[in-house]
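Let me begin by presenting the structure, written as structure tokens, before commenting on it.
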Number of protein chains: 2
Amino acid sequence: MTNARSWWGWGTDAAALSTAEVDELVARVATLLPRHDFTDHAPPPPDELPVPAPRIRVPDSLAAMVSSAVTDRLSHSRGKAFRDVVRNLQGDTSYVVDLVARPATEQDVVDVLDFCAGQGIAVIPYGGGSSVVGGVEPRLAGPSISLDLGRLDQVVEVDPVSRAARIQAGVLGPALERQLRPTGLTLRHFPQSFEFSTLGGWLATRAGGHFATLYTHIDDLTESLRVVTPAGVSESRRLPASGAGPAPDRLFLGSEGALGVITEAWMRLQARPRYGETVSVVFDEYAAAVAATRSISQAGLHPANCRLLDPAEAFIQAGEDAAGGLLILAFESADHPMDAWLDRALEITADHGGHAGARRARDADTEQRDASATWRSSFLRMPYQRDALARRSMIVETFETACTWDRFDALHAGVMTAAQDAIDRICGGGVVTCRFTHVYADGPAPYYSVYGPGRWGSTVAQWDEIKAAVSDAIAAHGGTTTHHHAVGRDHRPWYDAERPDPFAAALRAAKGALDPAGVLNPGVLVD
Amino acid sequence: MTNARSWWGWGTDAAALSTAEVDELVARVATLLPRHDFTDHAPPPPDELPVPAPRIRVPDSLAAMVSSAVTDRLSHSRGKAFRDVVRNLQGDTSYVVDLVARPATEQDVVDVLDFCAGQGIAVIPYGGGSSVVGGVEPRLAGPSISLDLGRLDQVVEVDPVSRAARIQAGVLGPALERQLRPTGLTLRHFPQSFEFSTLGGWLATRAGGHFATLYTHIDDLTESLRVVTPAGVSESRRLPASGAGPAPDRLFLGSEGALGVITEAWMRLQARPRYGETVSVVFDEYAAAVAATRSISQAGLHPANCRLLDPAEAFIQAGEDAAGGLLILAFESADHPMDAWLDRALEITADHGGHAGARRARDADTEQRDASATWRSSFLRMPYQRDALARRSMIVETFETACTWDRFDALHAGVMTAAQDAIDRICGGGVVTCRFTHVYADGPAPYYSVYGPGRWGSTVAQWDEIKAAVSDAIAAHGGTTTHHHAVGRDHRPWYDAERPDPFAAALRAAKGALDPAGVLNPGVLVD
């Protein structure tokens, strides 16, 4: 056990579940699934796996930043989806990058792109490697280099007047916040992957933060971008807003490494929150809970949290017995007490029959000392639990979407039915739960979790079959194939159907102009 | 005098200033500029102007939707910038569209594009014709058709649950709000051009509404777009949010007719406001007024209005003697009283030495009956005054930008100096004023007005020289060439310098894919 990143699973070896925690978890699941085979399948020693030798010889000028170590190559060849973790556990080495490059400067990035464009070698930009959609995997016959931006990890410049900072793309969440702390400012972007994902990854995948409303998508926190492309470096002007043509940054936000390599960005910051209150509201009827959540999202109150857990999710995540679901509400501000805001939100929940618990003040001191501390203790542990169960043939995975409110009832019913039918058919039973991660005035972003007993050796195929069934159901009901997990390689069929054809033609043309050799993350977004 | 649109100036003939109003206006300006020659130069009769015959013969299938009337052609060949109005007054007919097409259906739009692409005829999409940047003018040697979408003017479908509506692009502001009124919902998008601009125009130019913060840009009110391109019809899915690749709608928002013709959109609506309060705050020092405005913009209060007028603007627009400027604050909501919000904003202004006037409750009944009524009486009259003065050789024009807060002091000083130097040199004196139209946590959008005595026959050239000087100053201080007036043809040199080169290459490639014949609004955005 070391503090090093796990090559096969989530996070670090040191933070993985202890033996006692695993035993407790397995015992809990076993009460629900007494007939499941919980045999543990430990990861194989990576150095003993059959990994082909690298097919690339880099020039001397690049040699110092390149690694061909097997563990490096394996750990950079997959993201951290359930299907990635299980394939690692099974010793599946079907797609492995030939080399890992670690540029220390933007010029290093330019040099790697030049070399790869000249040689026709695929370059896969790599931030924290937490993709759950196959975004960093070389599903290619030809050679590839993983371009790990982890050495570009500095907050370079802070503008306290405009509340913005110029930040290198390879910085992980905790290091970013640590560097900002002396300024009293925060990016306040806390995706579940916060510890193991980077600013550049958030930008390239249009990540969504923990906060339920308003400025929580990384898109809206972006003031300007600097992007290295084979056609040159693109740098937009720092601006609070502009109406000068189609927004340049919006082409690169969500481009998933296929149009260029984001090397740094000016990001909008906020003062660290000082005021806040949170409360949980229990409902008897799920329809009333949804209606209350919709009313709050349309009231212009902008809660920091507005997370509706369905009854199963409320039971599993919060230990609450809520027949109609549990709504977690929170308001926070750096500037003023939020009582009036929460008062009004609770009037709305009461109008819909909600039973509010005690109002709890935000613990400003704790939060200010270490916002990520709270996370570690609960939400951030979930992927480690997922890994422990994946080793024991359980299928534990999530999928997410967003749709307009008018379509939610039908989409939710259709998706729940499709998911339950699929796990009943494929696993002989299991559980599907739902929560809203984000809400908008015109619709929610529902997030589903699937728990099913699998068969060792088949759990990837079993999950892929479930995933296809639920993705079809989402598309049939007008949802998006992804609200904040990105497209990668896994969502391509549904993304291709969702995206308007003329826009696809424009995007292909844009890629042709920026990456004429087609070396940037091939297979992502366009062919 | 009729209710018809003016072919040469702003709005309708019927709404233009009365003789008494003109006399009063001229007398007021004459007290400031006693030596100026206020001779009135009336517009020439359009039918007597030397306009070449149309060079295009349309097939019979298009004949019924096409007009070759001279007044139609003239009125569609220019926007409503000062330089457009003056050229009309001077009988300058150097660039005139050959025909005006008025499609009644989306298929008509497709048919016109097919015809024009086949024949190499330029197509200039036309909404309300209120462009102030040369966006609808055929500065071309070859033939062109103005594609007036005014017959596509219906709210087609309303979704009251998600609060959204499917709306045709050619609808003017008042007709749009009139059709929404029975639902209790509003788009709440009120640019100064509200009466004479269309949804499609707002979308194609990334228009900014009257509201100072939060959801005021048309970009953020857009749920999905339907766009006819020569490469096919692009329709995005209705979604509250998505992380599936670069946002398709963001490519067409701000595309100014160069990538396609927006025919309809699903737009996000809001409940009509019921609560609101407004107050004016006078400052002794402009720096303190700017600091207070910045604090409010960073406090998370989201005022509906937060308009800082500099002393000259406060005097001219509001008759207020405010040595450090006047801040107009307003909060509004459909859901709850806004006292707590305004209380906190006034604490902030007091901290910066502001003297607040009386708080006035919003008159909900009046506002609900006709939101545009308030506008007509003041803000909406300004362009008519501009026209009356333009006829009398005055240079009356505006320009606008946005920058980060850290750069504002230097930008403002640099721009004011450049503008004052230019009008002193070119006009022998004049006045420049500034107000903030919008504020963001990371910067303001300053909007400048120029009043200078010109020489008849030279006022366009004089203004162009002033405009070039101020645009250079804006660029030198890191501002954008336009915050909400679009690029058109007039901002091209500064837009080309502002836009990152690789993005320009991507945009050219996208245009090549969507408009291979290059017939869509040539000269706008890309060559």
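Identifiers in the structure tokens: chain A, B, ... in order shown; residue index from 1 per chain; ligand index from 1 in order shown.
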Test item: residues at most 12 Å from A:Pro522, only C-alpha atoms, excluding those fewer than 6 positions along its chain, as a PyMOL selection string | chain A and resi 120-125+134-145+255-260+488-489+508+511+515-516
Which residues of chain A are close to chain B, meaning at most 6 Å apart when you count only C-alpha atoms, and how do they look as a ChimeraX atom specification?
-> /A:161-162,206,234-236,239-240,242-246,251,253-255,299,335,403-406,442-443,482-484,486-487,500,502,506,509-510,513
Write to file, as a compact mmCIF listing (two decimals), in the first residue's frame, the residues of the selection just made, with N, CA and C atoms.
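Listed below is the output, result_33.txt:
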# COMPACT_ATOMS: atom_id res chain seq x y z
N VAL A 161 -8.75 41.49 -8.36
CA VAL A 161 -9.76 42.52 -8.64
C VAL A 161 -10.91 41.92 -9.45
N SER A 162 -10.56 41.25 -10.54
CA SER A 162 -11.58 40.62 -11.39
C SER A 162 -11.95 39.24 -10.86
N ARG A 206 -16.27 19.40 -20.50
CA ARG A 206 -17.40 20.20 -20.02
C ARG A 206 -17.95 19.64 -18.70
N SER A 234 -3.88 28.63 -30.03
CA SER A 234 -5.08 29.46 -29.99
C SER A 234 -5.22 30.04 -28.59
N GLU A 235 -5.25 31.37 -28.50
CA GLU A 235 -5.46 31.98 -27.18
C GLU A 235 -6.55 33.04 -27.30
N SER A 236 -7.61 32.87 -26.54
CA SER A 236 -8.69 33.85 -26.57
C SER A 236 -8.38 34.97 -25.59
N LEU A 239 -12.04 38.00 -21.24
CA LEU A 239 -13.21 38.88 -21.33
C LEU A 239 -14.31 38.34 -20.43
N PRO A 240 -15.06 39.23 -19.78
CA PRO A 240 -16.21 38.77 -18.99
C PRO A 240 -17.34 38.30 -19.90
N SER A 242 -18.54 38.63 -24.51
CA SER A 242 -18.31 39.24 -25.82
C SER A 242 -19.39 38.75 -26.76
N GLY A 243 -19.72 39.59 -27.73
CA GLY A 243 -20.66 39.19 -28.78
C GLY A 243 -19.99 39.13 -30.13
N ALA A 244 -18.67 38.98 -30.14
CA ALA A 244 -17.91 39.01 -31.39
C ALA A 244 -17.86 37.63 -32.02
N GLY A 245 -18.87 37.32 -32.81
CA GLY A 245 -18.90 36.06 -33.54
C GLY A 245 -19.19 34.88 -32.62
N PRO A 246 -19.24 33.67 -33.19
CA PRO A 246 -19.44 32.49 -32.34
C PRO A 246 -18.32 32.42 -31.31
N LEU A 251 -15.89 26.23 -28.79
CA LEU A 251 -15.49 25.16 -29.71
C LEU A 251 -14.55 24.18 -29.02
N LEU A 253 -14.22 23.87 -25.55
CA LEU A 253 -14.87 23.27 -24.38
C LEU A 253 -15.66 22.05 -24.87
N GLY A 254 -15.33 20.89 -24.33
CA GLY A 254 -15.99 19.67 -24.78
C GLY A 254 -15.33 19.03 -25.98
N SER A 255 -14.17 19.50 -26.39
CA SER A 255 -13.55 18.94 -27.60
C SER A 255 -12.74 17.68 -27.29
N ALA A 299 -37.68 29.30 -9.38
CA ALA A 299 -37.99 30.45 -8.52
C ALA A 299 -36.89 31.50 -8.50
N ASP A 335 -21.05 36.50 0.82
CA ASP A 335 -21.37 37.92 1.02
C ASP A 335 -22.44 38.19 2.05
N CYS A 403 -32.93 16.26 -19.32
CA CYS A 403 -34.07 16.41 -20.22
C CYS A 403 -34.92 17.57 -19.71
N THR A 404 -35.82 18.02 -20.54
CA THR A 404 -36.73 19.08 -20.09
C THR A 404 -37.77 18.49 -19.12
N TRP A 405 -38.33 19.37 -18.27
CA TRP A 405 -39.25 18.90 -17.23
C TRP A 405 -40.46 18.18 -17.83
N ASP A 406 -40.98 18.67 -18.95
CA ASP A 406 -42.18 18.06 -19.52
C ASP A 406 -41.95 16.61 -19.91
N ASP A 442 -35.47 24.74 -16.82
CA ASP A 442 -36.21 23.97 -17.84
C ASP A 442 -36.00 22.47 -17.78
N GLY A 443 -35.32 21.97 -16.76
CA GLY A 443 -35.22 20.52 -16.65
C GLY A 443 -34.17 20.04 -15.68
N THR A 482 -25.21 12.37 -22.52
CA THR A 482 -24.40 12.67 -21.34
C THR A 482 -24.59 14.10 -20.90
N HIS A 483 -24.82 14.29 -19.61
CA HIS A 483 -24.92 15.63 -19.06
C HIS A 483 -23.57 16.16 -18.60
N HIS A 484 -22.72 15.29 -18.05
CA HIS A 484 -21.40 15.78 -17.61
C HIS A 484 -20.33 14.68 -17.58
N ALA A 486 -19.17 13.35 -20.54
CA ALA A 486 -18.51 13.44 -21.86
C ALA A 486 -18.90 12.27 -22.77
N VAL A 487 -18.38 12.31 -23.99
CA VAL A 487 -18.74 11.33 -25.03
C VAL A 487 -17.71 10.21 -25.09
N PRO A 500 -26.72 17.21 -34.50
CA PRO A 500 -27.27 17.50 -35.82
C PRO A 500 -26.22 17.23 -36.90
N PRO A 502 -25.52 18.63 -39.88
CA PRO A 502 -24.70 19.76 -40.36
C PRO A 502 -23.65 20.19 -39.32
N ALA A 506 -19.60 20.41 -39.79
CA ALA A 506 -18.80 21.57 -39.42
C ALA A 506 -17.66 21.17 -38.47
N ALA A 509 -14.93 19.40 -40.33
CA ALA A 509 -14.15 20.38 -41.09
C ALA A 509 -13.21 21.15 -40.17
N ALA A 510 -13.72 21.53 -38.99
CA ALA A 510 -12.88 22.25 -38.02
C ALA A 510 -11.70 21.38 -37.60
N ALA A 513 -9.08 21.31 -40.21
CA ALA A 513 -8.27 22.53 -40.27
C ALA A 513 -7.25 22.59 -39.13
Test item, alpha helix (DSSP H) assignment across stretch 110-318 of chain A, answer as a PyMOL selection string = chain A and resi 110-119+173-180+199-205+248-252+286-297+311-318
Next, dump the selected residues to file, keeping only C-alpha atoms, as a PDB file, in the first residue's frame.
ATOM      1  CA  VAL A 110       4.231  21.691 -29.212  1.00  0.00           C
ATOM      2  CA  ASP A 111       7.244  19.450 -29.776  1.00  0.00           C
ATOM      3  CA  VAL A 112       5.307  16.260 -29.033  1.00  0.00           C
ATOM      4  CA  LEU A 113       2.488  17.310 -31.385  1.00  0.00           C
ATOM      5  CA  ASP A 114       4.971  18.192 -34.111  1.00  0.00           C
ATOM      6  CA  PHE A 115       6.677  14.826 -33.786  1.00  0.00           C
ATOM      7  CA  CYS A 116       3.416  12.890 -33.734  1.00  0.00           C
ATOM      8  CA  ALA A 117       1.845  14.833 -36.620  1.00  0.00           C
ATOM      9  CA  GLY A 118       4.967  14.200 -38.681  1.00  0.00           C
ATOM     10  CA  GLN A 119       4.990  10.472 -37.912  1.00  0.00           C
ATOM     11  CA  GLY A 173      -8.301  19.696  -8.006  1.00  0.00           C
ATOM     12  CA  PRO A 174      -6.718  19.680  -4.519  1.00  0.00           C
ATOM     13  CA  ALA A 175      -3.446  21.268  -5.715  1.00  0.00           C
ATOM     14  CA  LEU A 176      -5.405  23.940  -7.550  1.00  0.00           C
ATOM     15  CA  GLU A 177      -7.431  24.875  -4.452  1.00  0.00           C
ATOM     16  CA  ARG A 178      -4.341  24.700  -2.254  1.00  0.00           C
ATOM     17  CA  GLN A 179      -2.548  27.256  -4.433  1.00  0.00           C
ATOM     18  CA  LEU A 180      -5.573  29.567  -4.423  1.00  0.00           C
ATOM     19  CA  LEU A 199      -8.541  21.561 -14.881  1.00  0.00           C
ATOM     20  CA  GLY A 200      -7.702  20.608 -18.463  1.00  0.00           C
ATOM     21  CA  GLY A 201      -9.795  17.465 -18.182  1.00  0.00           C
ATOM     22  CA  TRP A 202     -12.733  19.436 -16.799  1.00  0.00           C
ATOM     23  CA  LEU A 203     -12.489  21.905 -19.685  1.00  0.00           C
ATOM     24  CA  ALA A 204     -12.070  19.262 -22.369  1.00  0.00           C
ATOM     25  CA  THR A 205     -15.106  17.326 -21.097  1.00  0.00           C
ATOM     26  CA  PRO A 248     -14.160  30.722 -29.643  1.00  0.00           C
ATOM     27  CA  ASP A 249     -13.854  28.986 -26.274  1.00  0.00           C
ATOM     28  CA  ARG A 250     -17.083  27.061 -26.834  1.00  0.00           C
ATOM     29  CA  LEU A 251     -15.491  25.162 -29.711  1.00  0.00           C
ATOM     30  CA  PHE A 252     -12.703  23.857 -27.477  1.00  0.00           C
ATOM     31  CA  TYR A 286     -42.160  11.149  -5.545  1.00  0.00           C
ATOM     32  CA  ALA A 287     -44.309  13.199  -7.954  1.00  0.00           C
ATOM     33  CA  ALA A 288     -44.704  15.888  -5.282  1.00  0.00           C
ATOM     34  CA  ALA A 289     -40.961  15.836  -4.616  1.00  0.00           C
ATOM     35  CA  VAL A 290     -40.264  16.330  -8.332  1.00  0.00           C
ATOM     36  CA  ALA A 291     -42.812  19.162  -8.507  1.00  0.00           C
ATOM     37  CA  ALA A 292     -41.242  20.894  -5.492  1.00  0.00           C
ATOM     38  CA  THR A 293     -37.783  20.560  -7.004  1.00  0.00           C
ATOM     39  CA  ARG A 294     -39.033  22.002 -10.271  1.00  0.00           C
ATOM     40  CA  SER A 295     -40.675  24.944  -8.465  1.00  0.00           C
ATOM     41  CA  ILE A 296     -37.469  25.746  -6.620  1.00  0.00           C
ATOM     42  CA  SER A 297     -35.445  25.523  -9.817  1.00  0.00           C
ATOM     43  CA  PRO A 311     -36.499   6.449  -2.138  1.00  0.00           C
ATOM     44  CA  ALA A 312     -33.921   3.744  -2.947  1.00  0.00           C
ATOM     45  CA  GLU A 313     -31.108   6.292  -3.248  1.00  0.00           C
ATOM     46  CA  ALA A 314     -32.211   7.991  -0.012  1.00  0.00           C
ATOM     47  CA  PHE A 315     -32.055   4.648   1.761  1.00  0.00           C
ATOM     48  CA  ILE A 316     -28.690   3.562   0.324  1.00  0.00           C
ATOM     49  CA  GLN A 317     -26.890   6.928   0.497  1.00  0.00           C
ATOM     50  CA  ALA A 318     -28.473   8.644   3.464  1.00  0.00           C
TER      51      ALA A 318
END
Using DSSP on the backbone, list every residue of stretch 248-487 of chain B that comes out as strand (DSSP E or B), and give them as a PyMOL selection string.
-> chain B and resi 261-268+270-271+275-282+305-309+326-333+355-356+360-361+394-400+431-440+443-453
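With only C-alpha atoms as the atoms that count, the residue of A:Gln168, A:Gln192, A:Thr216, A:Ser197 with the shortest distance to A:Glu264 is A:Gln168.
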Please measure the separation of atom CA of A:Ser61 and atom CA of A:Glu106, giving the value in Å to one decimal.
-> 14.6 Å
Can you pull out every residue within 7 Å of stretch 322-328 of chain B, counting only C-alpha atoms, but drop anything in the same chain fewer than 6 positions away, and send it as a ChimeraX atom specification?
-> /B:279-286,289,305-311,314
Considering only C-alpha atoms, return as a PyMOL selection string whatever protein or nucleic-acid residues lie within 10 Å of A:Asp84, sequence-local ones (same chain, fewer than 6 positions apart) excluded.
-> chain A and resi 8-9+77-78+90+92+131-134+137+460
The selected residues should be written to file as a PDB file, in the first residue's frame (atoms: N, CA and C atoms).
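Result went into result.pdb, see below:
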ATOM      1  N   TRP A   8      -4.824   0.137 -11.671  1.00  0.00           N
ATOM      2  CA  TRP A   8      -5.982  -0.625 -12.166  1.00  0.00           C
ATOM      3  C   TRP A   8      -7.321  -0.025 -11.731  1.00  0.00           C
ATOM      4  N   GLY A   9      -7.329   0.709 -10.588  1.00  0.00           N
ATOM      5  CA  GLY A   9      -8.612   1.158 -10.050  1.00  0.00           C
ATOM      6  C   GLY A   9      -8.580   2.631  -9.696  1.00  0.00           C
ATOM      7  N   SER A  77      -3.682   3.868 -20.132  1.00  0.00           N
ATOM      8  CA  SER A  77      -4.391   3.331 -21.303  1.00  0.00           C
ATOM      9  C   SER A  77      -5.877   3.177 -21.080  1.00  0.00           C
ATOM     10  N   ARG A  78      -6.333   3.455 -19.873  1.00  0.00           N
ATOM     11  CA  ARG A  78      -7.753   3.327 -19.568  1.00  0.00           C
ATOM     12  C   ARG A  78      -8.161   4.410 -18.602  1.00  0.00           C
ATOM     13  N   GLN A  90      -8.902  -8.238 -14.907  1.00  0.00           N
ATOM     14  CA  GLN A  90      -8.821  -9.477 -15.693  1.00  0.00           C
ATOM     15  C   GLN A  90      -7.510  -9.582 -16.471  1.00  0.00           C
ATOM     16  N   ASP A  92      -6.622  -7.794 -18.970  1.00  0.00           N
ATOM     17  CA  ASP A  92      -6.870  -7.525 -20.394  1.00  0.00           C
ATOM     18  C   ASP A  92      -5.969  -6.376 -20.839  1.00  0.00           C
ATOM     19  N   SER A 131     -11.575   9.522 -16.775  1.00  0.00           N
ATOM     20  CA  SER A 131     -12.643   9.348 -17.765  1.00  0.00           C
ATOM     21  C   SER A 131     -13.454   8.090 -17.475  1.00  0.00           C
ATOM     22  N   VAL A 132     -14.766   8.198 -17.600  1.00  0.00           N
ATOM     23  CA  VAL A 132     -15.614   7.009 -17.472  1.00  0.00           C
ATOM     24  C   VAL A 132     -16.291   6.673 -18.799  1.00  0.00           C
ATOM     25  N   VAL A 133     -15.749   7.216 -19.901  1.00  0.00           N
ATOM     26  CA  VAL A 133     -16.381   7.016 -21.211  1.00  0.00           C
ATOM     27  C   VAL A 133     -15.372   6.576 -22.273  1.00  0.00           C
ATOM     28  N   GLY A 134     -14.235   6.020 -21.838  1.00  0.00           N
ATOM     29  CA  GLY A 134     -13.236   5.595 -22.826  1.00  0.00           C
ATOM     30  C   GLY A 134     -12.516   6.751 -23.487  1.00  0.00           C
ATOM     31  N   GLU A 137      -8.493   6.004 -23.895  1.00  0.00           N
ATOM     32  CA  GLU A 137      -8.065   4.647 -24.278  1.00  0.00           C
ATOM     33  C   GLU A 137      -7.707   4.567 -25.761  1.00  0.00           C
ATOM     34  N   VAL A 460     -18.178  -7.186 -17.762  1.00  0.00           N
ATOM     35  CA  VAL A 460     -18.065  -6.086 -18.729  1.00  0.00           C
ATOM     36  C   VAL A 460     -19.126  -6.237 -19.813  1.00  0.00           C
TER      37      VAL A 460
END
